[in-house]
file structure.cif (mmCIF, C-alpha atoms and all ligand atoms)
data_data
#
loop_
_atom_site.label_atom_id
_atom_site.label_comp_id
_atom_site.auth_asym_id
_atom_site.auth_seq_id
_atom_site.Cartn_x
_atom_site.Cartn_y
_atom_site.Cartn_z
CA MET N 654 141.72 118.01 92.90
CA SER N 655 139.07 117.67 95.50
CA THR N 656 137.35 114.63 96.92
CA LEU N 657 134.01 116.42 96.53
CA MET N 658 131.69 114.95 93.93
CA ASN N 659 132.14 116.94 90.77
CA THR N 660 128.68 118.55 90.67
CA TYR N 661 129.69 122.23 90.38
CA ALA N 662 132.02 124.21 88.13
CA ARG N 663 133.31 126.15 91.12
CA LEU N 664 135.16 129.43 90.88
CA PRO N 665 138.63 129.29 92.47
CA VAL N 666 137.73 131.57 95.38
CA ALA N 667 136.98 130.73 99.02
CA PHE N 668 135.64 133.21 101.54
CA SER N 669 136.54 133.56 105.19
CA HIS N 670 134.07 136.11 106.52
CA GLY N 671 131.57 138.76 105.61
CA GLN N 672 129.77 141.79 106.98
CA GLY N 673 126.56 143.13 105.50
CA CYS N 674 126.97 143.28 101.72
CA ARG N 675 130.75 142.81 101.87
CA ILE N 676 132.57 139.52 101.88
CA THR N 677 136.29 138.77 102.22
CA ASP N 678 138.20 135.89 100.64
CA THR N 679 140.89 133.77 102.28
CA ALA N 680 143.59 135.97 100.72
CA GLY N 681 142.09 139.06 102.36
CA LYS N 682 140.51 140.58 99.26
CA GLU N 683 137.15 142.29 99.80
CA TYR N 684 134.16 142.03 97.43
CA LEU N 685 130.82 143.77 97.10
CA ASP N 686 128.26 140.97 97.19
CA ALA N 687 125.43 141.48 94.69
CA LEU N 688 124.37 137.81 94.76
CA SER N 689 123.94 137.02 98.49
CA GLY N 690 124.45 133.29 98.06
CA ILE N 691 121.80 133.15 95.28
CA ALA N 692 119.10 135.14 97.08
CA VAL N 693 119.73 133.29 100.34
CA ASN N 694 121.45 135.79 102.65
CA THR N 695 118.42 138.05 103.00
CA LEU N 696 120.03 139.93 105.90
CA GLY N 697 123.51 139.97 104.35
CA HIS N 698 126.46 138.47 106.17
CA ALA N 699 126.88 138.29 109.95
CA HIS N 700 123.80 140.34 110.80
CA PRO N 701 124.18 140.97 114.56
CA ARG N 702 120.55 140.18 115.40
CA LEU N 703 120.59 136.96 113.40
CA VAL N 704 123.93 135.92 114.88
CA ALA N 705 122.65 136.52 118.41
CA ALA N 706 119.34 134.72 117.76
CA ILE N 707 121.04 131.67 116.27
CA ALA N 708 123.64 131.52 119.04
CA GLY N 709 120.94 131.85 121.69
CA GLN N 710 118.84 129.10 120.14
CA ALA N 711 121.86 126.82 119.69
CA GLY N 712 122.51 127.20 123.41
CA ARG N 713 118.94 126.09 124.22
CA LEU N 714 117.85 123.51 121.62
CA LEU N 715 118.82 122.65 118.07
CA HIS N 716 116.46 119.81 117.28
CA VAL N 717 113.74 117.79 118.92
CA SER N 718 112.03 116.03 115.93
CA ASN N 719 108.47 116.41 114.73
CA LEU N 720 107.24 113.76 117.16
CA PHE N 721 106.65 116.72 119.48
CA ARG N 722 105.23 120.19 119.27
CA VAL N 723 107.86 122.68 118.14
CA VAL N 724 106.87 126.12 119.41
CA GLU N 725 109.18 128.04 117.06
CA GLN N 726 107.71 126.12 114.09
CA GLU N 727 104.17 127.03 115.20
CA GLN N 728 105.19 130.68 115.53
CA LEU N 729 106.72 130.64 112.06
CA ALA N 730 103.57 129.09 110.58
CA ASP N 731 101.48 131.83 112.22
CA ARG N 732 103.71 134.53 110.76
CA LEU N 733 103.83 133.03 107.25
CA THR N 734 100.08 132.46 107.05
CA ALA N 735 99.38 136.02 108.21
CA LEU N 736 101.79 137.46 105.62
CA SER N 737 100.70 135.26 102.72
CA GLY N 738 96.94 134.98 103.18
CA LEU N 739 97.20 131.17 103.11
CA SER N 740 96.12 129.04 106.04
CA GLU N 741 98.66 126.31 106.87
CA VAL N 742 102.35 125.53 106.55
CA PHE N 743 104.59 122.47 106.17
CA VAL N 744 108.20 123.23 107.10
CA CYS N 745 111.08 121.47 105.32
CA ASN N 746 114.72 122.19 104.51
CA SER N 747 115.04 123.37 100.91
CA GLY N 748 113.29 124.59 97.79
CA CYS N 749 113.03 121.25 96.05
CA GLU N 750 111.51 119.75 99.19
CA ALA N 751 108.96 122.54 99.41
CA ASN N 752 108.06 121.86 95.77
CA GLU N 753 107.89 118.09 96.38
CA ALA N 754 105.33 118.83 99.08
CA ALA N 755 103.40 121.04 96.65
CA ILE N 756 103.44 118.36 93.93
CA LYS N 757 102.27 115.74 96.43
CA LEU N 758 99.46 118.05 97.56
CA ALA N 759 98.32 118.52 93.96
CA ARG N 760 98.35 114.77 93.25
CA PHE N 761 96.58 114.02 96.52
CA TYR N 762 93.93 116.57 95.64
CA GLY N 763 93.50 114.93 92.23
CA HIS N 764 93.08 111.45 93.71
CA LYS N 765 90.49 112.77 96.15
CA LYS N 766 88.56 114.06 93.13
CA GLY N 767 88.79 110.62 91.48
CA ILE N 768 91.52 111.56 88.98
CA GLU N 769 93.84 108.55 88.95
CA SER N 770 96.58 110.06 86.83
CA PRO N 771 96.72 113.72 87.87
CA ALA N 772 98.70 116.17 85.74
CA ILE N 773 100.33 119.48 86.64
CA ILE N 774 100.86 122.22 84.06
CA VAL N 775 104.44 123.57 84.23
CA MET N 776 106.33 126.21 82.26
CA GLU N 777 109.10 126.36 79.70
CA LYS N 778 112.35 127.62 81.31
CA ALA N 779 110.97 126.84 84.79
CA PHE N 780 113.29 125.77 87.58
CA HIS N 781 111.84 123.82 90.50
CA GLY N 782 114.80 121.81 91.83
CA ARG N 783 116.95 118.71 91.39
CA THR N 784 115.00 115.86 92.97
CA MET N 785 113.35 113.46 90.52
CA ALA N 786 109.91 115.07 90.65
CA THR N 787 111.17 118.66 90.68
CA LEU N 788 113.69 118.14 87.88
CA SER N 789 110.87 116.57 85.87
CA ALA N 790 108.86 119.74 86.48
CA THR N 791 111.86 121.88 85.50
CA GLY N 792 111.84 123.19 81.93
CA ASN N 793 115.48 122.68 81.08
CA ARG N 794 116.66 119.60 79.18
CA LYS N 795 120.19 119.94 80.57
CA THR N 796 118.89 119.43 84.10
CA GLN N 797 117.03 116.29 83.02
CA ALA N 798 119.43 114.67 80.55
CA GLY N 799 120.73 111.32 81.73
CA PHE N 800 118.20 110.95 84.51
CA GLU N 801 115.31 109.46 82.56
CA PRO N 802 112.81 108.00 83.11
CA LEU N 803 111.44 111.29 84.37
CA VAL N 804 108.49 111.49 86.72
CA SER N 805 105.34 111.63 84.61
CA GLY N 806 102.35 113.86 85.12
CA PHE N 807 103.75 117.20 83.95
CA VAL N 808 102.44 119.08 80.91
CA ARG N 809 104.66 121.91 79.67
CA VAL N 810 103.46 125.20 78.18
CA PRO N 811 105.15 128.50 77.24
CA TYR N 812 105.54 131.00 80.09
CA ASP N 813 103.18 133.97 80.40
CA ASP N 814 100.82 132.56 77.76
CA ILE N 815 97.24 132.08 78.95
CA ALA N 816 96.04 130.77 75.56
CA ALA N 817 98.49 127.86 75.82
CA ILE N 818 96.97 126.88 79.16
CA ARG N 819 93.42 127.20 77.86
CA ALA N 820 94.39 124.91 74.96
CA VAL N 821 95.60 122.22 77.42
CA ALA N 822 92.39 122.60 79.42
CA GLU N 823 90.33 121.76 76.36
CA HIS N 824 91.69 118.27 75.81
CA ASN N 825 93.39 117.24 79.07
CA HIS N 826 90.92 116.37 81.82
CA ASN N 827 93.58 115.09 84.21
CA VAL N 828 94.94 118.54 85.04
CA VAL N 829 94.78 119.32 88.77
CA ALA N 830 97.20 122.23 89.12
CA VAL N 831 99.34 124.89 87.47
CA MET N 832 102.83 125.51 88.85
CA LEU N 833 104.40 128.90 88.20
CA GLU N 834 107.30 131.12 89.20
CA ILE N 835 105.91 134.67 89.26
CA ILE N 836 109.44 135.72 88.28
CA GLN N 837 111.57 132.99 86.73
CA GLY N 838 114.98 133.07 88.38
CA GLU N 839 117.28 130.39 86.94
CA GLY N 840 115.44 130.69 83.62
CA GLY N 841 116.76 134.25 83.15
CA ILE N 842 114.64 136.74 85.19
CA PHE N 843 111.39 136.64 83.25
CA LEU N 844 108.28 138.26 84.77
CA ALA N 845 104.77 136.89 84.39
CA GLY N 846 102.37 139.69 83.45
CA GLU N 847 99.90 140.80 86.10
CA SER N 848 96.88 140.39 83.84
CA TYR N 849 98.14 136.90 82.93
CA GLN N 850 98.33 136.06 86.63
CA ARG N 851 94.77 137.25 87.23
CA GLU N 852 93.44 135.36 84.20
CA LEU N 853 95.27 132.26 85.38
CA ARG N 854 93.78 132.58 88.85
CA ALA N 855 90.30 132.85 87.31
CA LEU N 856 90.93 129.89 85.01
CA CYS N 857 92.14 127.75 87.94
CA ASP N 858 88.97 128.67 89.85
CA GLU N 859 86.78 127.84 86.87
CA LYS N 860 88.46 124.46 86.31
CA GLY N 861 88.92 123.52 89.97
CA TRP N 862 92.73 123.52 89.63
CA MET N 863 95.22 124.48 92.30
CA LEU N 864 97.47 127.42 91.56
CA ILE N 865 100.95 126.70 92.91
CA CYS N 866 103.43 129.60 93.07
CA ASP N 867 107.08 128.62 93.44
CA GLU N 868 108.39 131.65 95.34
CA VAL N 869 111.61 129.93 96.41
CA GLN N 870 113.64 132.70 94.74
CA CYS N 871 111.29 135.67 94.30
CA GLY N 872 109.56 135.46 97.71
CA MET N 873 110.60 136.88 101.08
CA ALA N 874 110.24 140.61 100.36
CA ARG N 875 112.83 140.61 97.57
CA THR N 876 110.53 142.16 94.96
CA GLY N 877 108.98 144.83 97.19
CA GLN N 878 106.09 142.66 98.38
CA TRP N 879 106.39 139.73 100.74
CA PHE N 880 105.53 137.44 97.85
CA GLY N 881 105.66 138.00 94.10
CA TYR N 882 101.98 137.18 93.55
CA GLN N 883 100.92 140.06 95.81
CA HIS N 884 101.83 142.60 93.11
CA ALA N 885 98.94 141.28 90.99
CA GLY N 886 96.61 140.94 93.96
CA ILE N 887 96.02 137.21 93.43
CA LEU N 888 96.02 134.47 96.04
CA PRO N 889 97.50 131.08 95.11
CA ASP N 890 96.40 127.81 96.71
CA VAL N 891 99.99 126.75 97.37
CA VAL N 892 103.16 128.83 97.83
CA THR N 893 106.64 127.40 98.22
CA LEU N 894 109.52 129.21 99.93
CA ALA N 895 113.13 128.44 100.78
CA LYS N 896 116.18 130.42 99.64
CA GLY N 897 115.82 133.68 101.59
CA LEU N 898 113.62 132.32 104.38
CA GLY N 899 116.38 131.59 106.91
CA SER N 900 118.98 134.13 105.71
CA GLY N 901 121.47 131.30 105.19
CA VAL N 902 120.22 128.67 107.62
CA PRO N 903 118.64 125.92 105.47
CA ILE N 904 114.84 125.99 105.67
CA GLY N 905 111.96 125.65 103.23
CA ALA N 906 108.20 125.88 103.55
CA CYS N 907 105.12 124.80 101.64
CA LEU N 908 102.13 127.04 102.40
CA ALA N 909 98.61 125.89 101.59
CA GLY N 910 95.24 127.59 101.47
CA GLY N 911 92.04 127.39 99.45
CA LYS N 912 91.66 124.01 97.75
CA ALA N 913 94.98 122.84 99.15
CA ALA N 914 94.19 123.40 102.83
CA GLY N 915 93.33 120.52 105.11
CA LEU N 916 94.29 117.81 102.62
CA PHE N 917 97.17 116.11 104.41
CA GLY N 918 96.75 114.10 107.57
CA PRO N 919 99.32 112.32 109.76
CA GLY N 920 101.42 109.93 107.66
CA ASN N 921 100.93 111.73 104.33
CA HIS N 922 104.14 113.74 104.49
CA GLY N 923 107.06 114.41 106.79
CA SER N 924 110.66 115.43 107.33
CA THR N 925 113.13 114.53 110.08
CA PHE N 926 114.97 117.84 110.07
CA GLY N 927 112.17 120.05 108.80
CA GLY N 928 111.28 122.99 111.01
CA ASN N 929 113.69 122.42 113.86
CA PRO N 930 114.02 125.18 116.47
CA LEU N 931 117.30 126.49 115.04
CA ALA N 932 116.05 126.89 111.47
CA CYS N 933 112.73 128.37 112.59
CA THR N 934 114.47 130.87 114.85
CA ALA N 935 116.58 131.98 111.90
CA ALA N 936 113.42 132.43 109.80
CA LEU N 937 111.53 134.25 112.57
CA THR N 938 114.45 136.63 113.08
CA THR N 939 114.66 137.22 109.33
CA LEU N 940 110.97 138.21 109.28
CA ASP N 941 111.45 140.45 112.35
CA VAL N 942 114.38 142.33 110.84
CA ILE N 943 112.66 142.75 107.45
CA GLU N 944 109.68 144.31 109.25
CA GLN N 945 111.58 146.45 111.74
CA ASP N 946 114.11 147.80 109.25
CA GLN N 947 111.46 148.16 106.50
CA LEU N 948 113.61 146.15 104.14
CA MET N 949 110.73 145.34 101.80
CA ALA N 950 110.25 148.97 100.75
CA LYS N 951 114.01 149.38 100.67
CA ALA N 952 114.37 146.41 98.30
CA GLU N 953 111.86 147.96 95.93
CA ARG N 954 113.57 151.39 95.99
CA THR N 955 117.10 150.03 95.72
CA GLY N 956 116.13 147.76 92.83
CA GLU N 957 114.66 150.75 91.05
CA LEU N 958 117.89 152.71 91.59
CA ILE N 959 120.02 149.86 90.23
CA ARG N 960 117.89 149.43 87.10
CA GLN N 961 117.73 153.16 86.54
CA GLY N 962 121.50 153.50 86.91
CA LEU N 963 122.22 150.58 84.60
CA ASN N 964 119.71 151.86 82.05
CA GLU N 965 121.49 155.21 82.02
CA GLN N 966 125.02 153.85 81.88
CA LEU N 967 124.27 151.11 79.37
CA ALA N 968 121.95 153.14 77.15
CA GLY N 969 122.69 152.56 73.48
CA VAL N 970 125.39 149.97 74.16
CA THR N 971 125.16 147.32 71.43
CA GLY N 972 124.90 143.84 72.87
CA VAL N 973 122.68 144.83 75.79
CA VAL N 974 119.29 143.32 74.96
CA GLN N 975 117.22 144.20 78.02
CA ILE N 976 117.46 145.22 81.67
CA ARG N 977 114.54 143.81 83.63
CA GLY N 978 113.36 142.68 87.03
CA LYS N 979 111.49 143.73 90.12
CA GLY N 980 113.00 144.94 93.37
CA LEU N 981 116.26 143.16 94.05
CA MET N 982 115.78 140.48 91.42
CA ILE N 983 117.46 141.90 88.36
CA GLY N 984 118.53 140.51 84.99
CA ILE N 985 120.63 142.14 82.30
CA GLU N 986 120.26 140.15 79.11
CA LEU N 987 123.09 140.32 76.60
CA ASP N 988 123.10 139.10 73.01
CA ARG N 989 125.84 136.53 73.73
CA SER N 990 127.10 134.00 76.28
CA CYS N 991 128.58 135.94 79.16
CA GLY N 992 129.63 133.45 81.82
CA ASP N 993 133.14 134.97 81.75
CA LEU N 994 131.78 138.15 83.30
CA VAL N 995 131.53 136.39 86.65
CA LYS N 996 135.32 135.94 86.77
CA GLN N 997 135.90 139.48 85.55
CA GLY N 998 133.56 140.65 88.29
CA LEU N 999 135.60 138.81 90.93
CA GLU N 1000 138.78 140.44 89.67
CA ALA N 1001 137.05 143.80 90.03
CA GLY N 1002 135.85 142.95 93.54
CA LEU N 1003 132.24 142.28 92.58
CA ILE N 1004 130.14 139.17 93.09
CA ILE N 1005 127.54 138.74 90.36
CA ASN N 1006 126.03 135.75 88.60
CA VAL N 1007 125.14 134.70 85.08
CA THR N 1008 122.15 132.46 84.44
CA ALA N 1009 120.56 131.05 81.29
CA ASP N 1010 123.90 131.65 79.51
CA LYS N 1011 123.23 135.28 78.53
CA VAL N 1012 121.65 136.93 81.56
CA ILE N 1013 123.65 138.71 84.25
CA ARG N 1014 121.72 138.17 87.46
CA LEU N 1015 121.79 140.39 90.55
CA LEU N 1016 120.23 139.17 93.80
CA PRO N 1017 121.74 141.31 96.56
CA ALA N 1018 120.82 141.20 100.24
CA LEU N 1019 117.80 143.31 101.18
CA MET N 1020 119.86 145.92 103.05
CA PHE N 1021 121.85 146.73 99.91
CA GLY N 1022 121.76 150.53 100.05
CA GLU N 1023 122.51 153.65 98.07
CA ALA N 1024 126.24 153.58 98.84
CA GLU N 1025 126.40 150.03 97.47
CA VAL N 1026 124.41 151.04 94.39
CA ARG N 1027 126.86 153.89 93.73
CA GLU N 1028 129.67 151.33 93.73
CA LEU N 1029 127.87 148.51 91.90
CA VAL N 1030 126.38 150.37 88.95
CA PRO N 1031 129.51 152.03 87.50
CA LYS N 1032 131.67 148.98 88.17
CA LEU N 1033 129.22 146.62 86.51
CA ALA N 1034 128.48 148.95 83.61
CA ALA N 1035 132.22 149.28 82.94
CA LEU N 1036 132.66 145.50 83.02
CA VAL N 1037 129.77 144.95 80.64
CA LYS N 1038 130.98 147.61 78.20
CA LYS N 1039 134.50 146.20 78.21
CA PHE N 1040 133.19 142.66 77.76
CA LEU N 1041 130.99 143.64 74.83
CA ALA N 1042 133.78 145.62 73.18
CA THR N 1043 136.21 142.69 73.04
C1 LIG C 1101 116.58 127.48 93.86
C2 LIG C 1101 115.22 127.16 93.44
C3 LIG C 1101 114.62 125.93 93.73
C4 LIG C 1101 115.38 124.79 94.37
O1 LIG C 1101 115.76 125.07 95.67
P1 LIG C 1101 116.82 124.11 96.42
O2 LIG C 1101 116.85 124.65 97.81
O3 LIG C 1101 118.11 124.24 95.70
O4 LIG C 1101 116.28 122.74 96.34
C5 LIG C 1101 113.30 125.75 93.39
N1 LIG C 1101 112.60 126.71 92.78
C6 LIG C 1101 113.13 127.91 92.49
C7 LIG C 1101 112.29 128.96 91.84
C8 LIG C 1101 114.46 128.17 92.80
O5 LIG C 1101 115.00 129.36 92.48
#

call {"tool": "encode", "arguments": {"input": "structure.cif", "output": "structure tokens"}}
result
Amino acid sequence: MSTLMNTYARLPVAFSHGQGCRITDTAGKEYLDALSGIAVNTLGHAHPRLVAAIAGQAGRLLHVSNLFRVVEQEQLADRLTALSGLSEVFVCNSGCEANEAAIKLARFYGHKKGIESPAIIVMEKAFHGRTMATLSATGNRKTQAGFEPLVSGFVRVPYDDIAAIRAVAEHNHNVVAVMLEIIQGEGGIFLAGESYQRELRALCDEKGWMLICDEVQCGMARTGQWFGYQHAGILPDVVTLAKGLGSGVPIGACLAGGKAAGLFGPGNHGSTFGGNPLACTAALTTLDVIEQDQLMAKAERTGELIRQGLNEQLAGVTGVVQIRGKGLMIGIELDRSCGDLVKQGLEAGLIINVTADKVIRLLPALMFGEAEVRELVPKLAALVKKFLAT
């Protein structure tokens, strides 16, 4: 028994150290890590440049508060705006906080337009976090049950369905924004179509709505573009980031452009820890390494190799419904609950995840390479076949 609050069904494994895409448990057993801390360890474990940058920053300054200019935070905002096409950045500590900032921006925008009870369109199967507002925006009853009353002001529609959004537009005149994961992560690796994204962008423009993209999981070069929306060539008004941004150092960001830029003034939002020099240095170094080692293109290629390999090795296997994803965000949907595969993976020296009950999820670090693919694909295919045969 542990004195930790019982909020996770934890696996009985603890790790002592890692290197790249390998991680070792306290008993000395080594694993191939195809999860990277749920898309967090962008640069894998113990990346020498990240280790040196963090150690150097820790020896200079960890935290000064946002009562002062923070040079590293300004540099990070410059980098993120240049990469995203948006124009300003609020730095926080996590995905739900980034989404809270986005929700507040949308409501603030609505009030400025004279809408007293602004509404945000959100999606079925969406995941936006665990705070009261973000769990209310999340499309999963399990996340919400027992925490009512929920925050109001969210209207839910099916994912990837432009007609459903048009139908809301016809009768609901309080809508101020649409919030969307370009690829749903927790929901089971579902991809929004590119034509849907473009139609949605046009509809938001026509109606004067903000388009908010929650890129907490699919952003940061994981899909082969810096951000998921770039595949469709659209530009959201708000983009939220967190998981992979600091390669394991907690940091989140809410980026704003278009209708969302210039809305907040001093006193409208804040964070004590948000954007401290340590976290921003971790994020800046993550961006540097992605660029210098061309990890974005690598993620796209490696993801293709993994899907190709799994498609070959699992072809015709009954029980495999679909293999889908983009870059290093991959889901293998089975026709049954498959949570047990995570434990079987650990026994076989493989760290994988199962989400939405039936979807095996792979989110490896961006330097996952061909050697790792050659190990992952046959091991995972064998596990899946054995699981489905019993
Ligand atoms: C993980 C996740 C969040 C929540 O992030 P936290 O840092 O856990 O608050 C929000 N949105 C998406 C898409 C996520 O994957």

call {"tool": "axis_aligned_box", "arguments": {"input": "structure.cif", "around": "stretch 959-976 of chain N", "padding_each_side": "3 Å", "output": "AutoDock Vina command-line options"}}
result
--center_x 121.3 --center_y 149.3 --center_z 80.8 --size_x 14.2 --size_y 17.9 --size_z 24.8

call {"tool": "closest_residue", "arguments": {"input": "structure.cif", "among": "N:Gly978, N:Gly998, N:Gly881, N:Gly962", "to": "N:Val1026", "atoms": "all atoms listed in the file"}}
result
N:Gly962

call {"tool": "closest_residue", "arguments": {"input": "structure.cif", "among": "N:Gly782, N:Gly792, N:Gly840, N:Gly872", "to": "ligand LIG 1101 (chain C)", "atoms": "all atoms listed in the file"}}
result
N:Gly782

call {"tool": "residues_around", "arguments": {"input": "structure.cif", "residues": "N:Val829", "least_positions_apart": "3", "cutoff": "9 Å", "atoms": "all atoms listed in the file", "output": "CSV table (one decimal) with C-alpha atoms, in the frame of the given file"}}
result
chain,number,residue,atom,x,y,z
N,759,ALA,CA,98.3,118.5,94.0
N,760,ARG,CA,98.4,114.8,93.2
N,762,TYR,CA,93.9,116.6,95.6
N,763,GLY,CA,93.5,114.9,92.2
N,768,ILE,CA,91.5,111.6,89.0
N,771,PRO,CA,96.7,113.7,87.9
N,772,ALA,CA,98.7,116.2,85.7
N,773,ILE,CA,100.3,119.5,86.6
N,774,ILE,CA,100.9,122.2,84.1
N,826,HIS,CA,90.9,116.4,81.8
N,857,CYS,CA,92.1,127.8,87.9
N,860,LYS,CA,88.5,124.5,86.3
N,861,GLY,CA,88.9,123.5,90.0
N,862,TRP,CA,92.7,123.5,89.6
N,863,MET,CA,95.2,124.5,92.3
N,864,LEU,CA,97.5,127.4,91.6

call {"tool": "closest_residue", "arguments": {"input": "structure.cif", "among": "N:Ile835, N:Ala699, N:Leu688, N:Leu758", "to": "N:Glu847", "atoms": "only C-alpha atoms"}}
result
N:Ile835

call {"tool": "residues_near_point", "arguments": {"input": "structure.cif", "point": "(119.8, 127.3, 112.6)", "cutoff": "7 Å", "atoms": "only C-alpha atoms", "output": "PyMOL selection string"}}
result
chain N and resi 707+902+931-932+934-935

call {"tool": "residues_around", "arguments": {"input": "structure.cif", "residues": "N:Gln672", "least_positions_apart": "6", "cutoff": "8 Å", "atoms": "only C-alpha atoms", "output": "list of chain:residue names"}}
result
N:Gly697, N:His698, N:Ala699, N:His700

call {"tool": "build_atoms", "arguments": {"input": "structure.cif", "residues": "stretch 727-744 of chain N", "atoms": "N, CA, C and O atoms", "output": "compact mmCIF listing (two decimals), in the coordinates of the input"}}
result
# COMPACT_ATOMS: atom_id res chain seq x y z
N GLU N 727 105.56 126.53 115.14
CA GLU N 727 104.17 127.03 115.20
C GLU N 727 104.15 128.55 115.02
O GLU N 727 103.30 129.09 114.32
N GLN N 728 105.12 129.21 115.66
CA GLN N 728 105.19 130.68 115.53
C GLN N 728 105.48 131.07 114.08
O GLN N 728 104.88 132.01 113.55
N LEU N 729 106.38 130.33 113.45
CA LEU N 729 106.72 130.64 112.06
C LEU N 729 105.51 130.43 111.15
O LEU N 729 105.23 131.25 110.27
N ALA N 730 104.77 129.36 111.39
CA ALA N 730 103.57 129.09 110.58
C ALA N 730 102.56 130.22 110.75
O ALA N 730 101.94 130.67 109.77
N ASP N 731 102.40 130.71 111.97
CA ASP N 731 101.48 131.83 112.22
C ASP N 731 101.91 133.07 111.43
O ASP N 731 101.08 133.75 110.82
N ARG N 732 103.20 133.34 111.46
CA ARG N 732 103.71 134.53 110.76
C ARG N 732 103.53 134.38 109.25
O ARG N 732 103.08 135.31 108.57
N LEU N 733 103.89 133.21 108.71
CA LEU N 733 103.83 133.03 107.25
C LEU N 733 102.40 133.01 106.74
O LEU N 733 102.12 133.52 105.66
N THR N 734 101.48 132.46 107.51
CA THR N 734 100.08 132.46 107.05
C THR N 734 99.53 133.89 107.08
O THR N 734 98.84 134.30 106.15
N ALA N 735 99.87 134.63 108.13
CA ALA N 735 99.38 136.02 108.21
C ALA N 735 99.92 136.85 107.04
O ALA N 735 99.19 137.66 106.46
N LEU N 736 101.18 136.65 106.69
CA LEU N 736 101.79 137.46 105.62
C LEU N 736 101.29 137.05 104.24
O LEU N 736 101.19 137.88 103.33
N SER N 737 100.99 135.77 104.06
CA SER N 737 100.70 135.26 102.72
C SER N 737 99.21 135.23 102.39
O SER N 737 98.84 135.19 101.23
N GLY N 738 98.36 135.17 103.42
CA GLY N 738 96.94 134.98 103.18
C GLY N 738 96.55 133.51 103.02
O GLY N 738 95.40 133.19 102.77
N LEU N 739 97.52 132.60 103.15
CA LEU N 739 97.20 131.17 103.11
C LEU N 739 96.95 130.69 104.55
O LEU N 739 97.06 131.47 105.50
N SER N 740 96.60 129.40 104.71
CA SER N 740 96.12 129.04 106.04
C SER N 740 96.93 128.00 106.79
O SER N 740 96.73 127.81 107.99
N GLU N 741 97.85 127.28 106.13
CA GLU N 741 98.66 126.31 106.87
C GLU N 741 100.01 126.10 106.22
O GLU N 741 100.19 126.42 105.03
N VAL N 742 100.96 125.56 106.98
CA VAL N 742 102.35 125.53 106.55
C VAL N 742 102.98 124.18 106.88
O VAL N 742 102.79 123.65 107.97
N PHE N 743 103.71 123.61 105.91
CA PHE N 743 104.59 122.47 106.17
C PHE N 743 106.01 122.99 106.08
O PHE N 743 106.38 123.64 105.10
N VAL N 744 106.83 122.69 107.09
CA VAL N 744 108.20 123.23 107.10
C VAL N 744 109.19 122.12 106.74
O VAL N 744 109.13 121.01 107.29
